[in-house]
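File shown here: final_13.cif, holding mmCIF, C-alpha atoms.
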data_run
#
loop_
_atom_site.label_atom_id
_atom_site.label_comp_id
_atom_site.auth_asym_id
_atom_site.auth_seq_id
_atom_site.Cartn_x
_atom_site.Cartn_y
_atom_site.Cartn_z
CA MET U 186 110.86 62.47 202.10
CA THR U 187 107.42 63.71 201.01
CA GLN U 188 106.25 63.82 197.41
CA LYS U 189 106.24 67.62 197.56
CA ASN U 190 109.89 67.71 198.67
CA VAL U 191 110.88 65.34 195.85
CA PHE U 192 109.28 67.61 193.24
CA ASN U 193 110.85 70.72 194.80
CA GLN U 194 114.33 69.18 194.80
CA PHE U 195 113.93 68.02 191.22
CA GLN U 196 112.87 71.47 190.03
CA LYS U 197 115.79 73.01 191.90
CA PHE U 198 118.11 70.59 190.08
CA LEU U 199 116.66 71.66 186.71
CA LYS U 200 117.18 75.35 187.47
CA GLU U 201 120.74 74.94 188.75
CA THR U 202 122.06 72.50 186.14
CA ASP U 203 123.51 73.64 182.82
CA GLY U 204 122.95 71.44 179.80
CA ASP U 205 120.47 70.36 177.18
CA PHE U 206 117.57 68.52 178.78
CA HIS U 207 115.75 65.75 176.94
CA ILE U 208 112.76 63.84 178.26
CA LEU U 209 112.66 60.16 177.38
CA GLU U 210 109.29 59.60 175.79
CA GLN U 211 109.00 55.83 176.02
CA ARG U 212 106.94 54.28 178.80
CA VAL U 213 109.32 51.78 180.38
CA PRO U 214 108.83 50.44 183.94
CA VAL U 215 111.28 52.05 186.36
CA GLU U 216 112.49 48.60 187.45
CA THR U 217 113.48 47.77 183.88
CA GLN U 218 115.22 51.11 183.49
CA MET U 219 117.29 50.50 186.61
CA GLU U 220 118.14 46.95 185.54
CA TYR U 221 119.17 48.13 182.10
CA PHE U 222 121.43 50.96 183.26
CA LYS U 223 123.04 48.74 185.90
CA TYR U 224 123.86 46.18 183.20
CA SER U 225 125.04 48.86 180.77
CA ASP U 226 127.25 50.45 183.42
CA HIS U 227 128.79 47.04 184.12
CA LEU U 228 129.73 46.69 180.42
CA ARG U 229 131.22 50.17 180.34
CA LYS U 230 133.30 49.57 183.46
CA LYS U 231 134.70 46.43 181.83
CA ALA U 232 135.62 48.63 178.85
CA LEU U 233 133.69 46.35 176.53
CA SER U 234 132.77 47.65 173.09
CA PRO U 235 132.05 45.85 169.83
CA GLU U 236 134.91 45.39 167.39
CA GLU U 237 134.43 46.07 163.66
CA SER U 238 133.63 42.43 162.98
CA ASP U 239 131.16 42.13 165.85
CA TYR U 240 128.29 44.19 164.41
CA GLY U 241 127.14 41.47 162.05
CA LEU U 242 127.27 38.86 164.80
CA LEU U 243 125.29 41.06 167.18
CA ALA U 244 122.68 41.64 164.49
CA VAL U 245 122.44 37.88 163.94
CA ASP U 246 121.95 37.32 167.69
CA LEU U 247 119.05 39.77 167.67
CA ARG U 248 117.27 38.14 164.74
CA ASN U 249 118.05 34.54 165.60
CA PRO U 250 114.90 32.88 167.03
CA LEU U 251 117.16 30.46 168.92
CA SER U 252 118.94 33.27 170.82
CA SER U 253 118.05 33.38 174.48
CA LEU U 254 116.60 36.48 176.13
CA GLU U 255 119.93 37.07 177.89
CA GLU U 256 121.84 36.82 174.60
CA LYS U 257 119.56 39.41 173.05
CA LYS U 258 119.89 41.70 176.06
CA HIS U 259 123.66 41.46 175.79
CA ALA U 260 123.62 42.21 172.05
CA LEU U 261 121.36 45.21 172.51
CA SER U 262 123.46 46.65 175.32
CA MET U 263 126.72 46.12 173.44
CA LEU U 264 125.35 47.99 170.44
CA ALA U 265 124.10 50.80 172.66
CA ILE U 266 127.51 51.59 174.17
CA SER U 267 129.43 51.33 170.89
CA LYS U 268 129.40 55.05 169.98
CA ASP U 269 128.75 54.03 166.38
CA VAL U 270 126.02 55.43 164.14
CA ARG U 271 125.62 52.02 162.47
CA ALA U 272 124.70 50.51 165.82
CA TYR U 273 122.12 53.23 166.41
CA ARG U 274 120.52 52.59 163.02
CA LEU U 275 120.46 48.86 163.71
CA LEU U 276 118.76 49.45 167.07
CA GLU U 277 116.31 51.87 165.47
CA GLN U 278 115.26 49.24 162.93
CA TYR U 279 115.04 46.51 165.55
CA VAL U 280 112.77 48.54 167.85
CA CYS U 281 110.29 48.98 164.98
CA ASN U 282 109.69 45.22 164.86
CA VAL U 283 110.71 43.92 168.26
CA GLU U 284 109.40 40.89 170.19
CA PRO U 285 107.17 41.92 173.15
CA GLU U 286 109.29 40.11 175.75
CA ILE U 287 112.33 42.27 175.03
CA ALA U 288 110.66 45.44 173.77
CA ASP U 289 111.37 47.54 176.89
CA TRP U 290 115.06 46.52 176.92
CA ALA U 291 115.36 47.37 173.22
CA ARG U 292 113.82 50.81 173.79
CA MET U 293 116.27 51.47 176.61
CA ALA U 294 119.17 50.40 174.36
CA LEU U 295 118.02 52.81 171.66
CA ILE U 296 117.78 55.60 174.24
CA ASP U 297 121.23 54.72 175.61
CA SER U 298 122.71 54.74 172.11
CA ARG U 299 121.19 58.16 171.40
CA ILE U 300 122.59 59.56 174.66
CA THR U 301 126.03 58.16 173.85
CA LEU U 302 126.09 59.54 170.31
CA GLU U 303 124.80 63.01 171.21
CA SER U 304 127.30 63.28 174.07
CA GLU U 305 130.09 62.45 171.60
CA LEU U 306 128.93 64.85 168.89
CA SER U 307 127.84 67.83 171.01
CA ASP U 308 129.92 70.29 173.01
CA GLY U 309 127.07 70.83 175.48
CA LYS U 310 126.12 68.47 178.28
CA GLN U 311 123.29 66.17 177.24
CA ILE U 312 120.98 65.41 180.15
CA TYR U 313 118.26 62.83 179.66
CA ILE U 314 115.47 62.45 182.18
CA SER U 315 113.43 59.29 182.34
CA THR U 316 110.25 58.47 184.25
CA GLY U 317 107.97 55.48 184.23
CA LEU U 318 105.26 57.37 182.33
CA GLY U 319 107.61 59.06 179.89
CA GLY U 320 106.70 62.35 178.23
CA ARG U 321 106.71 64.29 175.00
CA GLY U 322 108.92 67.17 173.89
CA ASN U 323 109.77 69.19 177.01
CA LYS U 324 106.86 67.81 179.01
CA PHE U 325 106.52 65.03 181.57
CA ARG U 326 103.48 62.78 181.76
CA PHE U 327 101.69 62.62 185.12
CA PHE U 328 98.87 60.54 186.54
CA VAL U 329 96.63 62.30 189.08
CA LEU U 330 94.05 60.71 191.36
CA MET U 331 91.54 63.05 193.02
CA LEU U 332 88.89 61.87 195.46
CA SER U 333 85.43 63.08 196.33
CA ALA U 334 85.03 64.86 199.64
CA GLU U 335 83.92 62.51 202.41
CA GLY U 336 83.79 59.66 199.89
CA GLU U 337 80.41 60.83 198.62
CA PRO U 338 79.33 60.12 195.02
CA PHE U 339 79.62 63.08 192.67
CA ALA U 340 76.38 64.65 191.55
CA GLU U 341 75.96 65.03 187.80
CA TYR U 342 76.49 68.81 187.91
CA GLN U 343 79.68 68.28 189.93
CA LYS U 344 81.06 65.91 187.28
CA GLN U 345 80.34 68.54 184.64
CA ILE U 346 82.10 71.22 186.67
CA ILE U 347 85.21 69.04 187.04
CA GLU U 348 85.31 68.29 183.31
CA LYS U 349 84.80 71.92 182.28
CA GLU U 350 87.20 73.47 184.82
CA PHE U 351 90.07 71.13 184.04
CA ALA U 352 89.51 71.38 180.27
CA PHE U 353 89.57 75.19 180.56
CA SER U 354 92.32 75.69 183.16
CA ILE U 355 94.96 73.03 182.45
CA PRO U 356 95.90 74.37 178.97
CA ARG U 357 96.50 77.82 180.50
CA TYR U 358 99.62 76.36 182.16
CA ASP U 359 100.87 74.92 178.85
CA CYS U 360 99.66 71.49 179.95
CA GLU U 361 97.83 68.92 177.84
CA ILE U 362 95.15 66.58 179.14
CA GLU U 363 95.44 63.15 177.50
CA ARG U 364 92.65 61.59 179.52
CA LEU U 365 90.25 62.85 182.16
CA THR U 366 87.83 60.32 183.64
CA VAL U 367 85.30 61.32 186.29
CA ARG U 368 84.06 58.22 188.08
CA GLU U 369 81.49 57.84 190.85
CA ARG U 370 83.76 58.85 193.75
CA HIS U 371 87.10 59.77 192.16
CA VAL U 372 88.76 61.44 189.18
CA GLU U 373 91.65 60.08 187.13
CA MET U 374 93.70 62.39 184.94
CA LEU U 375 96.65 61.69 182.65
CA PHE U 376 98.31 64.87 181.44
CA LEU U 377 101.52 66.38 180.11
CA ALA U 378 103.19 69.27 181.95
CA PRO U 379 106.35 71.33 181.30
CA MET U 380 109.32 69.98 183.25
CA GLN U 381 109.78 73.06 185.46
CA LEU U 382 106.11 73.64 186.22
CA ASN U 383 104.93 73.58 189.85
CA ILE U 384 102.48 70.66 189.53
CA LYS U 385 101.05 71.08 193.01
CA MET U 386 100.23 74.73 192.34
CA VAL U 387 98.39 73.82 189.15
CA ILE U 388 96.31 71.00 190.65
CA ASP U 389 95.52 73.02 193.80
CA SER U 390 94.42 75.98 191.70
CA VAL U 391 92.01 74.02 189.50
CA MET U 392 90.61 72.05 192.44
CA ASP U 393 89.99 75.32 194.31
CA GLU U 394 88.03 76.59 191.32
CA CYS U 395 85.92 73.42 191.33
CA ASN U 396 85.34 73.58 195.08
CA GLN U 397 83.88 77.08 194.90
CA TYR U 398 80.72 75.28 193.80
CA GLY U 399 80.34 73.16 196.92
CA GLY U 400 83.65 71.72 198.17
CA PHE U 401 83.07 68.29 196.62
CA LEU U 402 86.73 67.42 195.94
CA ALA U 403 88.86 66.18 198.84
CA ASN U 404 91.99 68.23 199.60
CA VAL U 405 94.07 65.03 199.47
CA TYR U 406 95.17 63.79 196.05
CA THR U 407 97.88 61.62 194.51
CA VAL U 408 100.17 62.60 191.64
CA THR U 409 102.86 60.37 190.14
CA ASN U 410 105.01 60.10 187.02
CA VAL U 411 106.06 56.51 187.74
CA LYS U 412 102.97 54.61 186.56
CA GLU U 413 99.22 54.76 186.15
CA LEU U 414 97.53 53.45 189.27
CA ASP U 415 95.45 50.33 188.77
CA GLU U 416 92.00 49.65 190.21
CA GLU U 417 93.32 47.87 193.30
CA GLU U 418 95.76 50.68 194.12
CA ILE U 419 93.04 53.30 193.68
CA ALA U 420 90.66 51.31 195.90
CA ASN U 421 93.32 51.11 198.64
CA ILE U 422 93.99 54.85 198.49
CA MET U 423 90.27 55.59 198.66
CA LYS U 424 89.93 53.26 201.64
CA GLU U 425 92.85 54.88 203.49
CA ASN U 426 91.50 58.34 202.79
CA GLY U 427 88.05 57.32 204.01
CA ASN U 428 89.57 56.01 207.23
CA ARG U 429 91.36 59.31 207.82
CA GLN U 430 88.20 61.29 207.22
CA THR U 431 86.07 59.23 209.57
CA GLY U 432 88.80 58.89 212.18
CA ASN U 433 88.75 55.06 212.04
#

Kindly transcribe the structure held in the file into structure tokens.
Amino acid sequence: MTQKNVFNQFQKFLKETDGDFHILEQRVPVETQMEYFKYSDHLRKKALSPEESDYGLLAVDLRNPLSSLEEKKHALSMLAISKDVRAYRLLEQYVCNVEPEIADWARMALIDSRITLESELSDGKQIYISTGLGGRGNKFRFFVLMLSAEGEPFAEYQKQIIEKEFAFSIPRYDCEIERLTVRERHVEMLFLAPMQLNIKMVIDSVMDECNQYGGFLANVYTVTNVKELDEEEIANIMKENGNRQTGN
């Protein structure tokens, strides 16, 4: 399935589904998210939930420097599925001063606890949407990689056009640029966009505006909400795109 089809199906889901949508703002690797929810689902299926006397013990496990990583993961997950406001407050405090090695798991537990509580207290369906890059409010965060046409270095005036056009046009779609970096042969952009916005339409539109001044942006680009691409991944994409352009 192409990236375009994935976005189209997702937007169709948003339009056809009734409920209150919430975007999870934390940046947590997708692999960790999947691992967490698989573990949490296992606890729920076993009908495990903390008893009244367990909360203090779970809190001790979290703060005990001798507790193993697995013991802390278990304590966090147990608190998250408890449907108890005390557990949510405990998780909230813990996340504010959490050890780096378990920070992502703790953030997922806090999210899980919030989902559980709001589902219990609200008549409407609570639908939380998580991505690797997170978001803010009703907006997703996306990373976009755009390449120069034919792999040629951008001229200085072309860099200025890219910066000005994106700074002017992106906000018109209720989007927010968090970072726009124009490098020698490619452009990296991190931005926030409303969940139901047609991302391809927006990027195509702004690139078309830029290319009226000389066609210096390639018509192939990459957009993802899973992670920011690192230097090696960008180099590989640029190499593949160069091979396609030259026919090698």

Tell me, counting all atoms listed in the file, for each residue of region 334-369 of chain U within 12 Å of region 407-425 of chain U, which pair of atoms is nearest and how far apart they are in Å to one decimal, in rows ordered by chain and increasing number, as CSV.
residue,atom,partner,partner_atom,distance
U:Ala334,CA,U:Met423,CA,10.7
U:Glu335,CA,U:Met423,CA,10.1
U:Gly336,CA,U:Met423,CA,7.8
U:Glu337,CA,U:Met423,CA,11.2
U:Arg364,CA,U:Glu413,CA,11.6
U:Arg368,CA,U:Ile419,CA,11.7
U:Glu369,CA,U:Met423,CA,12.0

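Across the chains present, the PyMOL selection byres ((chain U and resi 259-261) around 7) applied to this file returns Leu243, Asp246, Leu247, Glu255, Glu256, Lys257, Lys258, Ser262, Met263, Leu264, Ala265, Ala291 and Ala294 of chain U.
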
Serialized selection, C-alpha atoms, as a CSV table (one decimal), keeping the file's coordinate frame:
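Dumped to out-v4.csv:
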chain,number,residue,atom,x,y,z
U,243,LEU,CA,125.3,41.1,167.2
U,246,ASP,CA,122.0,37.3,167.7
U,247,LEU,CA,119.0,39.8,167.7
U,255,GLU,CA,119.9,37.1,177.9
U,256,GLU,CA,121.8,36.8,174.6
U,257,LYS,CA,119.6,39.4,173.0
U,258,LYS,CA,119.9,41.7,176.1
U,262,SER,CA,123.5,46.6,175.3
U,263,MET,CA,126.7,46.1,173.4
U,264,LEU,CA,125.4,48.0,170.4
U,265,ALA,CA,124.1,50.8,172.7
U,291,ALA,CA,115.4,47.4,173.2
U,294,ALA,CA,119.2,50.4,174.4

So what does the PyMOL selection byres ((chain U and resi 211) around 8) actually pick up in this one, as a compact mmCIF listing (two decimals) with C-alpha atoms, in the coordinates of the input?
# COMPACT_ATOMS: atom_id res chain seq x y z
CA LEU U 209 112.66 60.16 177.38
CA GLU U 210 109.29 59.60 175.79
CA ARG U 212 106.94 54.28 178.80
CA VAL U 213 109.32 51.78 180.38
CA ARG U 292 113.82 50.81 173.79
CA LEU U 318 105.26 57.37 182.33
CA GLY U 319 107.61 59.06 179.89
CA GLY U 320 106.70 62.35 178.23

Just so the selection is clear, what residues does the PyMOL selection byres ((chain U and resi 390) around 12) cover here, as a compact mmCIF listing (two decimals) with C-alpha atoms, keeping the file's coordinate frame?
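For reference, result.txt as written:
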# COMPACT_ATOMS: atom_id res chain seq x y z
CA GLU U 350 87.20 73.47 184.82
CA PHE U 351 90.07 71.13 184.04
CA SER U 354 92.32 75.69 183.16
CA ILE U 355 94.96 73.03 182.45
CA ARG U 357 96.50 77.82 180.50
CA TYR U 358 99.62 76.36 182.16
CA ASN U 383 104.93 73.58 189.85
CA ILE U 384 102.48 70.66 189.53
CA LYS U 385 101.05 71.08 193.01
CA MET U 386 100.23 74.73 192.34
CA VAL U 387 98.39 73.82 189.15
CA ILE U 388 96.31 71.00 190.65
CA ASP U 389 95.52 73.02 193.80
CA VAL U 391 92.01 74.02 189.50
CA MET U 392 90.61 72.05 192.44
CA ASP U 393 89.99 75.32 194.31
CA GLU U 394 88.03 76.59 191.32
CA CYS U 395 85.92 73.42 191.33
CA ASN U 396 85.34 73.58 195.08
CA GLN U 397 83.88 77.08 194.90
CA ASN U 404 91.99 68.23 199.60

Counting only C-alpha atoms, the residue of U:Ile347, U:Ala352, U:Leu332, U:Leu382 that sits nearest Arg370 (chain U):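 Distance minimum relative to Arg370 (chain U) lands on U:Leu332.
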
d(CA of Val245 (chain U), CA of Leu302 (chain U)) in Å: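 So the two atoms, CA of Val245 (chain U) and CA of Leu302 (chain U), lie 22.9 Å apart.
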
Pairwise distance for CA of Asp297 (chain U) and CA of Asp239 (chain U), rounded to one decimal in Å: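 Separation of CA of Asp297 (chain U) and CA of Asp239 (chain U): 18.8 Å.
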
Point-to-point distance from CA of Val367 (chain U) to CA of Lys344 (chain U), Å rounded to tenths: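 The value is 6.3 Å.
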
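Between Gly241 (chain U) and the residues U:Ile312, U:Ala272, U:Leu330, U:Ala378, the shortest atom-to-atom distance, using all atoms listed in the file, involves U:Ala272.
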
Minimum-distance residue to Gln218 (chain U), chosen among U:Lys268, U:Gln278, U:Leu306, U:Ser315 (using all atoms listed in the file):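 Comparing U:Lys268, U:Gln278, U:Leu306, U:Ser315 against Gln218 (chain U), the winner is U:Ser315.
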
Among listed residues U:Leu228, U:Tyr221, U:Arg271, U:Ile346, nearest Ala244 (chain U) (using only C-alpha atoms):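 Selected residue with least distance to Ala244 (chain U): U:Arg271.
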
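When all atoms listed in the file are used to compute distances to Glu363 (chain U), the closest of the residues U:Glu305, U:Arg326, U:Gln345, U:Pro338 turns out to be U:Arg326.
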
Complete the atoms of region 378-394 of chain U to N, CA and C atoms and put them out as a compact mmCIF listing (two decimals), in the frame of the given file.
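The resulting out.txt:
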# COMPACT_ATOMS: atom_id res chain seq x y z
N ALA U 378 102.89 67.97 181.34
CA ALA U 378 103.19 69.27 181.95
C ALA U 378 104.65 69.63 181.72
N PRO U 379 104.96 70.91 181.47
CA PRO U 379 106.35 71.33 181.30
C PRO U 379 107.21 70.93 182.49
N MET U 380 108.47 70.58 182.22
CA MET U 380 109.32 69.98 183.25
C MET U 380 109.55 70.87 184.47
N GLN U 381 109.51 72.20 184.32
CA GLN U 381 109.78 73.06 185.46
C GLN U 381 108.51 73.63 186.10
N LEU U 382 107.37 73.14 185.67
CA LEU U 382 106.11 73.64 186.22
C LEU U 382 105.88 73.13 187.64
N ASN U 383 105.31 73.97 188.49
CA ASN U 383 104.93 73.58 189.85
C ASN U 383 103.59 72.82 189.76
N ILE U 384 103.68 71.49 189.73
CA ILE U 384 102.48 70.66 189.53
C ILE U 384 101.47 70.85 190.65
N LYS U 385 101.95 70.93 191.87
CA LYS U 385 101.05 71.08 193.01
C LYS U 385 100.25 72.37 192.89
N MET U 386 100.91 73.45 192.50
CA MET U 386 100.23 74.73 192.34
C MET U 386 99.11 74.63 191.32
N VAL U 387 99.38 73.94 190.22
CA VAL U 387 98.39 73.82 189.15
C VAL U 387 97.17 73.02 189.62
N ILE U 388 97.42 71.85 190.19
CA ILE U 388 96.31 71.00 190.65
C ILE U 388 95.51 71.70 191.75
N ASP U 389 96.21 72.30 192.72
CA ASP U 389 95.52 73.02 193.80
C ASP U 389 94.63 74.12 193.24
N SER U 390 95.16 74.85 192.27
CA SER U 390 94.42 75.98 191.70
C SER U 390 93.13 75.53 191.03
N VAL U 391 93.21 74.47 190.22
CA VAL U 391 92.01 74.02 189.50
C VAL U 391 91.01 73.38 190.48
N MET U 392 91.51 72.65 191.45
CA MET U 392 90.61 72.05 192.44
C MET U 392 89.90 73.13 193.24
N ASP U 393 90.62 74.22 193.57
CA ASP U 393 89.99 75.32 194.31
C ASP U 393 88.86 75.94 193.49
N GLU U 394 89.07 76.06 192.18
CA GLU U 394 88.03 76.59 191.32
C GLU U 394 86.79 75.69 191.36
